[in-house]
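Okay, upload.txt now, which holds compact mmCIF, C-alpha atoms:
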# COMPACT_ATOMS: atom_id res chain seq x y z
CA MET A 153 -8.82 11.47 -23.71
CA HIS A 154 -9.41 10.20 -20.18
CA ILE A 155 -6.40 8.37 -18.75
CA SER A 156 -7.63 5.41 -16.73
CA GLU A 157 -6.86 4.70 -13.08
CA GLY A 158 -3.76 2.65 -12.30
CA ILE A 159 -1.68 3.65 -15.34
CA LEU A 160 0.31 6.71 -14.26
CA SER A 161 3.18 6.59 -11.77
CA GLY A 162 2.95 8.30 -8.36
CA SER A 163 5.17 11.24 -9.28
CA VAL A 164 3.19 11.95 -12.46
CA LEU A 165 -0.07 11.80 -10.50
CA ILE A 166 1.31 14.27 -7.95
CA ALA A 167 2.49 16.61 -10.73
CA GLY A 168 -0.99 16.45 -12.27
CA TRP A 169 -2.66 17.31 -8.95
CA ALA A 170 -0.21 20.18 -8.34
CA GLY A 171 -1.01 21.73 -11.73
CA THR A 172 -4.73 21.18 -11.28
CA THR A 173 -4.79 22.68 -7.77
CA ALA A 174 -3.02 25.80 -9.02
CA GLY A 175 -5.38 26.01 -12.01
CA ILE A 176 -8.51 25.65 -9.87
CA ALA A 177 -7.31 28.17 -7.26
CA TYR A 178 -6.47 30.77 -9.92
CA GLY A 179 -9.62 29.98 -11.89
CA LEU A 180 -11.88 30.44 -8.86
CA ARG A 181 -10.22 33.77 -8.06
CA LYS A 182 -10.77 34.99 -11.62
CA THR A 183 -14.40 33.80 -11.79
CA GLU A 184 -16.74 36.71 -11.22
CA SER A 185 -20.10 36.08 -9.51
CA GLU A 186 -22.12 36.88 -12.62
CA LYS A 187 -20.17 34.29 -14.65
CA ILE A 188 -20.77 31.39 -12.27
CA VAL A 189 -24.04 30.25 -13.86
CA ARG A 190 -22.40 30.36 -17.30
CA THR A 191 -19.50 28.31 -15.95
CA ALA A 192 -21.96 25.73 -14.57
CA LEU A 193 -23.77 25.61 -17.90
CA ILE A 194 -20.58 25.02 -19.89
CA SER A 195 -19.36 22.50 -17.31
CA SER A 196 -22.65 20.61 -17.75
CA ALA A 197 -22.25 20.66 -21.54
CA PHE A 198 -18.72 19.23 -21.18
CA PHE A 199 -20.01 16.62 -18.71
CA LEU A 200 -22.73 15.53 -21.14
CA ALA A 201 -20.58 15.75 -24.30
CA SER A 202 -18.75 12.61 -23.18
CA LEU A 203 -21.97 10.70 -23.84
CA VAL A 204 -22.12 11.80 -27.49
CA ASN A 205 -20.40 9.15 -29.57
CA VAL A 206 -18.77 10.16 -32.83
CA ARG A 207 -18.23 7.38 -35.33
CA ILE A 208 -14.87 7.62 -37.11
CA GLY A 209 -14.44 4.78 -39.60
CA PRO A 210 -14.28 1.48 -37.74
CA SER A 211 -13.80 3.11 -34.33
CA SER A 212 -15.68 5.71 -32.33
CA THR A 213 -14.88 8.41 -29.82
CA HIS A 214 -16.69 11.15 -27.95
CA LEU A 215 -16.61 14.94 -28.16
CA THR A 216 -14.52 16.97 -25.72
CA LEU A 217 -15.56 20.59 -26.54
CA LEU A 218 -12.26 21.79 -25.05
CA ALA A 219 -11.85 24.83 -27.30
CA PRO A 220 -15.42 26.19 -26.89
CA MET A 221 -15.00 25.78 -23.12
CA GLY A 222 -11.72 27.68 -23.11
CA LEU A 223 -12.97 30.45 -25.41
CA ILE A 224 -16.16 30.97 -23.38
CA LEU A 225 -14.82 30.52 -19.85
CA GLY A 226 -11.23 31.75 -20.05
CA TYR A 227 -9.46 31.13 -16.73
CA SER A 228 -12.64 29.69 -15.18
CA VAL A 229 -12.17 26.60 -17.33
CA PHE A 230 -10.16 24.70 -14.69
CA PRO A 231 -12.92 24.55 -12.02
CA ALA A 232 -15.46 23.72 -14.74
CA VAL A 233 -13.36 20.83 -16.12
CA PHE A 234 -12.57 19.54 -12.63
CA VAL A 235 -16.20 19.28 -11.49
CA ALA A 236 -17.30 17.72 -14.79
CA LEU A 237 -14.49 15.13 -14.75
CA LEU A 238 -15.15 14.33 -11.08
CA LEU A 239 -18.79 13.59 -11.89
CA GLN A 240 -17.85 11.64 -15.03
CA ALA A 241 -15.57 9.48 -12.88
CA LEU A 242 -18.22 8.94 -10.19
CA LEU A 243 -21.28 8.51 -12.38
CA PHE A 244 -19.98 7.18 -15.72
CA HIS A 245 -16.72 5.49 -14.55
CA PHE A 246 -14.60 7.52 -17.01
CA GLY A 247 -11.02 8.05 -15.82
CA GLY A 248 -10.79 7.73 -12.02
CA LEU A 249 -10.37 9.65 -8.79
CA LEU A 250 -6.59 9.34 -8.32
CA VAL A 251 -5.95 10.25 -11.94
CA LEU A 252 -8.46 13.12 -11.80
CA GLY A 253 -5.68 15.66 -11.22
CA ALA A 254 -3.77 14.59 -14.32
CA ASN A 255 -6.91 14.43 -16.48
CA THR A 256 -8.08 17.87 -15.28
CA PHE A 257 -4.66 19.37 -15.93
CA ILE A 258 -4.45 17.88 -19.45
CA MET A 259 -7.89 19.10 -20.51
CA GLY A 260 -7.82 22.35 -18.54
CA ILE A 261 -4.46 23.52 -19.85
CA SER A 262 -5.44 22.56 -23.44
CA ALA A 263 -8.63 24.63 -23.22
CA LEU A 264 -6.86 27.51 -21.49
CA SER A 265 -4.07 27.56 -24.09
CA VAL A 266 -6.44 28.13 -27.00
CA TYR A 267 -8.13 30.90 -25.00
CA ILE A 268 -4.76 32.60 -24.44
CA LEU A 269 -3.70 32.08 -28.07
CA PHE A 270 -6.94 32.85 -29.91
CA GLY A 271 -9.42 34.43 -27.47
CA LYS A 272 -8.53 38.04 -28.21
CA VAL A 273 -8.23 37.51 -31.99
CA ILE A 274 -11.68 35.89 -32.13
CA ARG A 275 -13.28 38.60 -30.00
CA GLU A 276 -11.83 41.35 -32.19
CA SER A 277 -12.42 39.59 -35.50
CA ASP A 278 -15.23 41.14 -37.57
CA LYS A 279 -15.05 38.79 -40.56
CA LYS A 280 -17.15 35.61 -40.54
CA PHE A 281 -14.67 33.49 -42.49
CA LEU A 282 -11.75 34.59 -40.31
CA THR A 283 -13.72 33.82 -37.13
CA PHE A 284 -14.63 30.37 -38.43
CA THR A 285 -11.06 29.61 -39.54
CA ILE A 286 -9.47 30.69 -36.27
CA SER A 287 -12.11 28.82 -34.27
CA PHE A 288 -11.53 25.72 -36.39
CA ILE A 289 -7.79 25.92 -35.69
CA ALA A 290 -8.49 26.48 -31.98
CA GLY A 291 -10.80 23.45 -31.83
CA ALA A 292 -8.35 21.16 -33.60
CA LEU A 293 -5.35 22.47 -31.67
CA ALA A 294 -7.01 21.97 -28.27
CA VAL A 295 -7.56 18.26 -29.06
CA MET A 296 -4.04 17.79 -30.42
CA LEU A 297 -2.54 19.56 -27.41
CA GLY A 298 -4.57 17.34 -25.10
CA ALA A 299 -3.40 14.26 -27.02
CA PHE A 300 0.20 15.43 -26.78
CA LEU A 301 -0.13 15.90 -23.02
CA VAL A 302 -1.70 12.44 -22.62
CA GLY A 303 1.31 11.06 -24.51
CA LEU A 304 3.66 13.10 -22.34
CA PHE A 305 2.09 11.84 -19.09
CA LEU A 306 2.15 8.24 -20.30
CA GLY A 307 5.70 8.67 -21.57
CA LEU A 308 6.85 10.12 -18.24
CA THR A 309 5.41 7.03 -16.56
CA ASP A 310 6.93 4.30 -18.71
CA GLY A 311 9.85 6.24 -20.18
CA ASN A 312 8.77 5.69 -23.77
CA PHE A 313 7.43 9.12 -24.61
CA LEU A 314 7.94 9.12 -28.39
CA THR A 315 6.06 5.88 -29.03
CA ALA A 316 3.18 6.83 -26.71
CA ALA A 317 2.91 10.34 -28.16
CA LYS A 318 2.96 9.11 -31.77
CA ILE A 319 0.19 6.56 -31.22
CA ILE A 320 -2.05 8.98 -29.34
CA ILE A 321 -1.53 11.99 -31.60
CA VAL A 322 -2.26 9.96 -34.75
CA ALA A 323 -5.36 8.44 -33.10
CA HIS A 324 -6.72 11.91 -32.24
CA VAL A 325 -6.35 13.52 -35.70
CA PRO A 326 -9.92 12.61 -36.84
CA LEU A 327 -11.39 13.90 -33.56
CA ALA A 328 -9.35 17.11 -33.91
CA LEU A 329 -10.89 17.75 -37.34
CA ILE A 330 -14.41 17.11 -36.05
CA GLU A 331 -13.87 19.32 -33.00
CA GLY A 332 -12.44 22.00 -35.29
CA ILE A 333 -15.61 22.02 -37.38
CA VAL A 334 -17.89 21.98 -34.29
CA THR A 335 -15.89 24.81 -32.69
CA GLY A 336 -15.88 26.80 -35.94
CA PHE A 337 -19.68 26.71 -36.27
CA LEU A 338 -20.36 27.17 -32.55
CA ILE A 339 -18.07 30.16 -32.04
CA SER A 340 -19.19 31.78 -35.31
CA TRP A 341 -22.81 31.46 -34.16
CA LEU A 342 -22.02 32.81 -30.68
CA LYS A 343 -20.06 35.70 -32.18
CA LYS A 344 -23.08 36.63 -34.27
CA SER A 345 -25.89 36.00 -31.75
CA SER A 346 -24.34 36.87 -28.37
CA PRO A 347 -20.72 38.01 -28.62
CA GLU A 348 -20.65 39.03 -24.93
CA VAL A 349 -20.57 35.30 -24.02
CA LEU A 350 -16.99 34.97 -25.29
CA SER A 351 -14.53 35.69 -22.48
CA MET B 247 36.62 -46.91 -24.98
CA LYS B 248 35.73 -44.89 -21.90
CA LYS B 249 35.66 -41.74 -24.01
CA LEU B 250 33.39 -43.43 -26.54
CA MET B 251 31.01 -44.56 -23.78
CA PHE B 252 30.99 -41.04 -22.34
CA VAL B 253 30.14 -39.49 -25.71
CA LEU B 254 27.44 -42.11 -26.29
CA MET B 255 25.84 -41.43 -22.89
CA LEU B 256 26.01 -37.69 -23.46
CA THR B 257 24.34 -38.09 -26.86
CA LEU B 258 21.57 -40.24 -25.37
CA CYS B 259 20.96 -37.79 -22.56
CA ALA B 260 20.92 -34.86 -24.94
CA SER B 261 18.59 -36.53 -27.40
CA LYS B 262 16.24 -37.47 -24.58
CA SER B 263 16.14 -33.95 -23.22
CA TYR B 264 15.43 -32.38 -26.62
CA ALA B 265 13.01 -34.98 -27.88
CA HIS B 266 9.82 -33.85 -26.05
CA GLY B 267 6.69 -35.08 -27.62
CA VAL B 268 3.64 -32.81 -27.71
CA GLY B 269 -0.02 -33.52 -27.51
CA PHE B 270 -3.30 -32.15 -26.27
CA ARG B 271 -6.46 -33.20 -24.54
CA GLN B 272 -9.65 -31.41 -23.65
CA SER B 273 -9.24 -29.86 -20.23
CA SER B 274 -11.75 -30.68 -17.54
CA PHE B 275 -11.14 -27.24 -16.00
CA ARG B 276 -13.72 -24.58 -16.65
CA SER B 277 -12.73 -21.09 -17.70
CA ILE B 278 -14.04 -17.60 -17.17
CA ALA B 279 -14.52 -15.60 -20.34
CA LEU B 280 -14.84 -11.83 -20.19
CA GLU B 281 -15.68 -9.17 -22.75
CA PHE B 282 -13.94 -5.81 -22.65
CA PHE B 283 -15.29 -2.66 -24.30
CA TYR B 284 -14.99 1.13 -24.31
CA SER B 285 -17.67 3.47 -23.01
CA THR B 286 -18.52 4.22 -26.64
CA GLY B 287 -19.53 0.56 -27.03
CA GLU B 288 -16.50 -0.22 -29.18
CA LYS B 289 -14.81 -3.54 -28.41
CA MET B 290 -11.33 -3.57 -26.90
CA SER B 291 -10.00 -5.76 -29.70
CA TYR B 292 -6.47 -7.18 -29.64
CA ARG B 293 -5.53 -5.32 -26.43
CA GLU B 294 -2.91 -6.46 -23.94
CA ALA B 295 -4.42 -8.56 -21.14
CA LYS B 296 -2.87 -9.69 -17.85
CA VAL B 297 -4.30 -12.06 -15.24
CA PHE B 298 -3.30 -11.79 -11.58
CA SER B 299 -4.14 -14.63 -9.19
CA PRO B 300 -5.11 -14.10 -5.52
CA LYS B 301 -1.77 -15.69 -4.55
CA ASP B 302 0.44 -13.14 -6.33
CA ASP B 303 -0.61 -9.55 -6.82
CA LYS B 304 2.64 -8.46 -8.50
CA PHE B 305 3.33 -10.93 -11.31
CA ALA B 306 0.78 -11.93 -13.90
CA VAL B 307 0.07 -15.66 -14.12
CA GLN B 308 -1.16 -15.25 -17.66
CA THR B 309 -0.59 -12.63 -20.34
CA GLY B 310 -2.00 -12.32 -23.80
CA ARG B 311 -4.34 -10.29 -25.94
CA THR B 312 -8.08 -10.02 -26.28
CA ASP B 313 -9.58 -11.39 -29.50
CA GLU B 314 -11.31 -9.36 -32.21
CA GLU B 315 -14.49 -9.26 -30.12
CA GLY B 316 -12.62 -7.97 -27.05
CA ARG B 317 -12.91 -11.37 -25.31
CA PHE B 318 -10.35 -12.92 -23.00
CA ALA B 319 -10.57 -16.21 -21.06
CA PHE B 320 -8.59 -17.63 -18.17
CA VAL B 321 -8.74 -20.70 -15.94
CA PRO B 322 -8.81 -19.91 -12.20
CA ASP B 323 -7.33 -22.71 -10.12
CA CYS B 324 -7.78 -21.33 -6.61
CA VAL B 325 -10.37 -19.40 -4.65
CA GLY B 326 -10.07 -15.67 -4.02
CA GLU B 327 -10.14 -12.47 -6.02
CA TRP B 328 -8.71 -12.76 -9.54
CA ARG B 329 -7.90 -9.62 -11.48
CA VAL B 330 -7.83 -9.25 -15.24
CA ILE B 331 -6.35 -6.00 -16.57
CA VAL B 332 -6.79 -5.02 -20.20
CA ARG B 333 -5.13 -1.85 -21.46
CA ASP B 334 -4.39 -0.06 -24.71
CA GLU B 335 -1.60 2.30 -25.76
CA GLU B 336 -3.75 5.42 -25.33
CA GLY B 337 -4.07 5.37 -21.53
CA HIS B 338 -7.27 3.34 -21.24
CA GLN B 339 -7.33 0.47 -18.80
CA CYS B 340 -10.10 -1.83 -17.63
CA GLU B 341 -9.67 -3.92 -14.49
CA ALA B 342 -12.08 -6.79 -13.92
CA LYS B 343 -12.20 -8.27 -10.41
CA ILE B 344 -13.66 -11.74 -10.23
CA ASP B 345 -14.41 -13.39 -6.88
CA ILE B 346 -14.00 -17.15 -7.08
CA ASP B 347 -15.64 -19.06 -4.20
CA ASP B 348 -15.44 -22.49 -5.74
CA VAL B 349 -13.19 -23.45 -8.68
CA SER B 350 -15.61 -26.20 -9.68
CA ASN B 351 -18.48 -23.73 -9.96
CA LEU B 352 -17.51 -20.64 -11.90
CA ASP B 353 -20.95 -19.21 -12.44
CA MET B 354 -20.44 -15.47 -12.15
CA LYS B 355 -22.76 -13.35 -10.11
CA ALA B 356 -24.75 -10.89 -12.17
CA PRO B 357 -23.45 -7.33 -11.61
CA GLU B 358 -25.63 -5.07 -9.54
CA PRO B 359 -27.85 -3.02 -11.84
CA GLU B 360 -26.90 0.65 -12.11
CA GLU B 361 -29.26 3.57 -12.41
CA PRO B 362 -30.18 4.31 -16.05
CA LEU B 363 -27.73 6.58 -17.88
CA TYR B 364 -30.17 9.49 -18.24
CA ILE B 365 -30.79 9.50 -14.46
CA ARG B 366 -27.04 9.69 -13.80
CA ALA B 367 -26.70 12.45 -16.41
CA ILE B 368 -29.49 14.51 -14.80
CA LEU B 369 -27.98 13.91 -11.36
CA GLY B 370 -24.59 15.13 -12.62
CA VAL B 371 -26.01 18.34 -14.10
CA SER B 372 -27.97 18.93 -10.89
CA ILE B 373 -24.81 18.53 -8.78
CA ILE B 374 -22.89 20.96 -11.04
CA PHE B 375 -25.54 23.67 -10.57
CA ASN B 376 -25.70 23.04 -6.82
CA ILE B 377 -21.92 23.49 -6.57
CA ALA B 378 -22.24 26.65 -8.68
CA MET B 379 -24.87 28.02 -6.31
CA LEU B 380 -22.65 27.32 -3.30
CA ILE B 381 -19.74 29.20 -4.92
CA TYR B 382 -22.09 32.02 -5.94
CA ARG B 383 -23.33 32.44 -2.33
CA ARG B 384 -19.79 32.47 -0.97
CA LYS B 385 -18.66 35.02 -3.55
CA SER B 386 -21.63 37.34 -3.04

Written form, structure tokens:
Amino acid sequence: MHISEGILSGSVLIAGWAGTTAGIAYGLRKTESEKIVRTALISSAFFLASLVNVRIGPSSTHLTLLAPMGLILGYSVFPAVFVALLLQALLFHFGGLLVLGANTFIMGISALSVYILFGKVIRESDKKFLTFTISFIAGALAVMLGAFLVGLFLGLTDGNFLTAAKIIIVAHVPLALIEGIVTGFLISWLKKSSPEVLS
Amino acid sequence: MKKLMFVLMLTLCASKSYAHGVGFRQSSFRSIALEFFYSTGEKMSYREAKVFSPKDDKFAVQTGRTDEEGRFAFVPDCVGEWRVIVRDEEGHQCEAKIDIDDVSNLDMKAPEPEEPLYIRAILGVSIIFNIAMLIYRRKS
């Protein structure tokens, strides 16, 4: 889901940085002191998840963990994504520094959206199956939303949004299903063992 | 008669200009072959590739696609930095920069070894927690 350096146009890069700056500023304001270590822990998990390859038929991809991040961190997800992506760019050469704003915005807003849509329902849910199902949907939706935004950013650059979006959304369907299952099990387990972790 | 001569000359000219022969010979030029792959190890098979020479940074001197193994070859004919850009439709792009000092000797320098992956991963996690501590101190 990382867009590489040198692909997006200047105006799209600026839009990405504007959204990311706003997200980080708001996220830092909403992050309470006692949640900072948790934010660092989840940011580290996101940073390392990019190294876990998932084989899907003839191709392979890596986990994003966008939905668990959003559901655990809430508004703090933007700073967490930004730092992790910055280090991925510097240490693993994923994405790039100029495109960091766009990549952070795409992943941050996807994670934040599922928190806004499903966070409260999951916290208040007292049925295991319902928690798993909603978490599964959240996990899959976060990936598909991210894929849609990647398509949108690429489409805004070369003016061929529909083609770019179609290719990327179809390519991300298997990952969305896998992330849905991972999110379903992870959030169900957290809900049972330490529900206070969910924002 | 003049008209006939004119038509005959026109026909000869036309047939000459459209009657190119074709052939091939083994080139004495050496090429540089590169392999492109994703961070997952998957090959960048059949992806769009463009080659930019040191003389022109804007227009590609060669375009094409990588093969099934993610390989792409080009023939540099002048010294300087050559760039090969391979991209897919999903926003991934790999740019290879090749410094050519001598077109008759294309032996590529071995890339500088990087730190092992686990060292970089540990370093990254360490930096994340250090940043967290800085924010924590400022907030409290």

I'd like the neighbourhood of stretch 333-342 of chain A as number ranges by chain, where a residue qualifies if any of its atoms comes within 7 Å (using only C-alpha atoms), though same-chain residues fewer than 6 positions away should be ignored. A: 219-220, 280, 283-285, 287-288, 291

Chain A contacts to chain B at 6 Å (only C-alpha atoms) as an NGL selection string: :A and (155-156 or 185 or 192 or 196 or 320)

Would you kindly return, as a list in words, each protein, DNA or RNA residue with an atom no farther than 6 Å from any atom of stretch 161-171 of chain A, considering only C-alpha atoms and excluding same-chain residues fewer than 6 positions away?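 Counting only the stated atoms, we get Gly253, Ala254, Phe257 and Thr309 of chain A.
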
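Distances to B:Asp334 were evaluated for B:Phe298, B:Tyr292, B:Tyr364, B:Phe320 using only C-alpha atoms, and the minimum falls at B:Tyr292.
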
I'd like the contact shell of B:Gly316 - 6 Å cut-off, all atoms listed in the file, skipping same-chain residues fewer than 2 positions apart - returned as an MDAnalysis selection string. chainID B and resid 281:282 289:291 312:314

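Proximity ranking of A:Val206, A:Met153, A:Val349, A:Leu200 relative to A:Ser262 places A:Met153 first, based on all atoms listed in the file.
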
Env of B:Phe275: 10 Å cut, atoms = only C-alpha atoms, seq-sep filter 6 positions within chain, self excluded. Answer as a PyMOL selection string. chain B and resi 321-323+349-350

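Considering all atoms listed in the file, the residue among A:Leu223, A:Ala323, A:Ala317, A:Val189 positioned nearest to A:Val273 is A:Leu223.
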
Near-A:His214 list (7 Å; all atoms listed in the file; drop same-chain fewer than 2 positions) as a list of chain:residue names: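 So, after excluding close chain neighbours, the residues are A:Ser202, A:Leu203, A:Val204, A:Asn205, A:Val206, A:Thr216.
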
Work out how far atom CA of A:Phe244 is from atom CA of A:Gly175, in Å to one decimal.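 According to the coordinates, atom CA of A:Gly175 and atom CA of A:Phe244 are separated by 24.1 Å.
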
Distance of atom CA of A:Ile159 from atom CA of B:Ile344, expressed in Å to one decimal place: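 Calculated distance between atom CA of B:Ile344 and atom CA of A:Ile159 is 20.2 Å.
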
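Here atom CA of A:Met221 stands at a distance of 19.6 Å from atom CA of A:Leu282.
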
As lines of an AutoDock Vina configuration file, please report the centre and edge lengths, rounded to one decimal in Å, of the axis-aligned box that holds all listed atoms of stretch 263-271 of chain A with 6 Å of padding on each of the six sides.
center_x = -6.6
center_y = 29.5
center_z = -25.7
size_x = 17.7
size_y = 21.8
size_z = 20.4

Nearest to A:Phe198, restricted to all atoms listed in the file and choosing among A:Ser345, A:Gln240, A:Thr315, A:Asn255, comes out as A:Gln240

Kindly indicate which residue among A:Lys318, A:Lys272, A:His154, A:Lys344 lies nearest to A:His245, using all atoms listed in the file for the distances. A:His154

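All polymer residues at most 10 Å from (-10.0, 33.1, -21.6), using all atoms listed in the file, appear as Met221, Gly222, Leu223, Ile224, Leu225, Gly226, Tyr227, Ser228, Val229, Ala263, Leu264, Ser265, Val266, Tyr267, Ile268, Leu269, Phe270, Gly271, Lys272, Leu350 and Ser351 of chain A.
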
Take the residues just selected and output them with C-alpha atoms as a PDB file, in the coordinates of the input.
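This went into out_18.pdb:
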ATOM      1  CA  MET A 221     -15.000  25.780 -23.120  1.00  0.00           C
ATOM      2  CA  GLY A 222     -11.720  27.680 -23.110  1.00  0.00           C
ATOM      3  CA  LEU A 223     -12.970  30.450 -25.410  1.00  0.00           C
ATOM      4  CA  ILE A 224     -16.160  30.970 -23.380  1.00  0.00           C
ATOM      5  CA  LEU A 225     -14.820  30.520 -19.850  1.00  0.00           C
ATOM      6  CA  GLY A 226     -11.230  31.750 -20.050  1.00  0.00           C
ATOM      7  CA  TYR A 227      -9.460  31.130 -16.730  1.00  0.00           C
ATOM      8  CA  SER A 228     -12.640  29.690 -15.180  1.00  0.00           C
ATOM      9  CA  VAL A 229     -12.170  26.600 -17.330  1.00  0.00           C
ATOM     10  CA  ALA A 263      -8.630  24.630 -23.220  1.00  0.00           C
ATOM     11  CA  LEU A 264      -6.860  27.510 -21.490  1.00  0.00           C
ATOM     12  CA  SER A 265      -4.070  27.560 -24.090  1.00  0.00           C
ATOM     13  CA  VAL A 266      -6.440  28.130 -27.000  1.00  0.00           C
ATOM     14  CA  TYR A 267      -8.130  30.900 -25.000  1.00  0.00           C
ATOM     15  CA  ILE A 268      -4.760  32.600 -24.440  1.00  0.00           C
ATOM     16  CA  LEU A 269      -3.700  32.080 -28.070  1.00  0.00           C
ATOM     17  CA  PHE A 270      -6.940  32.850 -29.910  1.00  0.00           C
ATOM     18  CA  GLY A 271      -9.420  34.430 -27.470  1.00  0.00           C
ATOM     19  CA  LYS A 272      -8.530  38.040 -28.210  1.00  0.00           C
ATOM     20  CA  LEU A 350     -16.990  34.970 -25.290  1.00  0.00           C
ATOM     21  CA  SER A 351     -14.530  35.690 -22.480  1.00  0.00           C
TER      22      SER A 351
END
